[in-house]
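Peer 1: Would you mind keeping the following structure in view while I ask a few things?
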Amino acid sequence: MKKLTALILAAGLSTAALAAPESYTIDGSHTFPRFEYSHFGYSTQLSRFDKTTGTIVLDRAAKSGTVDVTVDATSVDTGFPLLNQHIQGEDFFDTAKYPTITYKSTKVNFDGDKVASVEGNLTVKGVTKPVTLTVTSFHCMPHPMLKKDACGANAVAKIKRSEFNAGKYAPYVGDDVTLTIAVEAYKP
């Protein structure tokens, strides 16, 4: 009987250990928030940010978590240095006053065992608005090179740049912006 009780207790402790929240550090070399918008109706322009930091905490047993991301707005990469400078100006990101863009979750929603969406607050140019990221893919496994547990996801949202005081030239340069975030994170 003592052995059975010890086995049940050990199994319960083992399950509790698995249910603990897991923290992940965003991998800046594999995380690139991108944004796209219509350019005078001629084409859809696609740009990205090259420097992103943050943490993701997941409690898969409790179906909850947190996401805290900081994007260096001065790392904007349009593929054209002069346009990079223009977008960092007062009419758009105003990186002299607002060098970072942040996203802080208020709720992580699961569909079964996978993250389905993240509700949170996006702050651009000193303006904070609620934005829901729809997660289009989510995968966790041991990283084959780092030898650490890692997770990756792709998420998408649509915003209006004018709501963040960055609406210069709208509607000719599209006000509707699609944000796509490719993120990878690993356990420290």
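Following the order of the structure tokens, chains are lettered A, B, ..., residues in each are numbered from 1, and ligands are numbered from 1.
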Return as JSON, numbers by chain the full set of residues in stretch 42-165 of chain A whose backbone-based DSSP assignment is helix (DSSP H, G or I).

Peer 2: {"A": [73, 74, 75, 81, 82, 83, 84, 85, 86, 87, 161, 162, 163, 164]}

Peer 1: Please list as a PyMOL selection string every residue within 12 Å of stretch 158-162 of chain A, counting only C-alpha atoms and excluding residues in the same chain fewer than 4 positions away.

Peer 2: chain A and resi 34-38+91-93+121-125+127-134+166-171+173-181

Peer 1: Within 12 Å of A:Ser137, counting only C-alpha atoms, which residues show up once you throw out same-chain ones fewer than 3 positions away? Write them as a ChimeraX atom specification, please.

Peer 2: /A:111,114-117,133-134,140,151-156,180-184

Peer 1: Only C-alpha atoms, please: the residues just picked out, written as a short mmCIF file (atom, residue, chain, number, x, y, z; two decimals), in the first residue's frame.

Peer 2:
data_model
loop_
_atom_site.label_atom_id
_atom_site.label_comp_id
_atom_site.auth_asym_id
_atom_site.auth_seq_id
_atom_site.Cartn_x
_atom_site.Cartn_y
_atom_site.Cartn_z
CA ASP A 111 -7.39 25.83 -29.55
CA LYS A 114 -1.96 25.14 -29.69
CA VAL A 115 -1.98 28.89 -29.32
CA ALA A 116 -4.72 30.23 -31.61
CA SER A 117 -4.60 33.97 -30.92
CA LEU A 133 -2.86 38.54 -33.36
CA THR A 134 -4.25 35.49 -35.13
CA CYS A 140 7.22 23.57 -30.05
CA CYS A 151 8.68 27.30 -29.89
CA GLY A 152 7.88 29.13 -33.09
CA ALA A 153 4.81 30.81 -34.50
CA ASN A 154 3.50 33.01 -37.24
CA ALA A 155 0.86 35.57 -36.35
CA VAL A 156 -1.03 38.19 -38.32
CA THR A 180 2.92 39.59 -39.79
CA ILE A 181 5.19 38.34 -37.05
CA ALA A 182 7.42 35.33 -37.55
CA VAL A 183 8.74 34.51 -34.07
CA GLU A 184 11.03 31.88 -32.62
#

Peer 1: Applying 9 Å and only C-alpha atoms, which residues near stretch 74-83 of chain A remain after dropping the ones on its own chain fewer than 6 positions away? List them as a PyMOL selection string.

Peer 2: chain A and resi 45-52+93+95-96+99-100

Peer 1: Output as number ranges by chain all residues of stretch 14-182 of chain A that backbone DSSP marks as strand (DSSP E).

Peer 2: A: 22-26, 32-39, 43-49, 52-59, 64-72, 76-77, 100-111, 114-124, 127-142, 149-160, 176-182

Peer 1: What's the 12 Å shell around A:Gly65, counting only C-alpha atoms, without same-chain residues fewer than 6 positions away, as a PyMOL selection string?

Peer 2: chain A and resi 20-24+55-59+104-110+114-120

Peer 1: Identify which of the residues A:Ala157, A:Lys187, A:His86, A:Gly54 lies closest to A:Gly28, counting only C-alpha atoms when measuring atom-to-atom distances.

Peer 2: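 Checking each candidate against A:Gly28, we get A:Gly54 as the closest.
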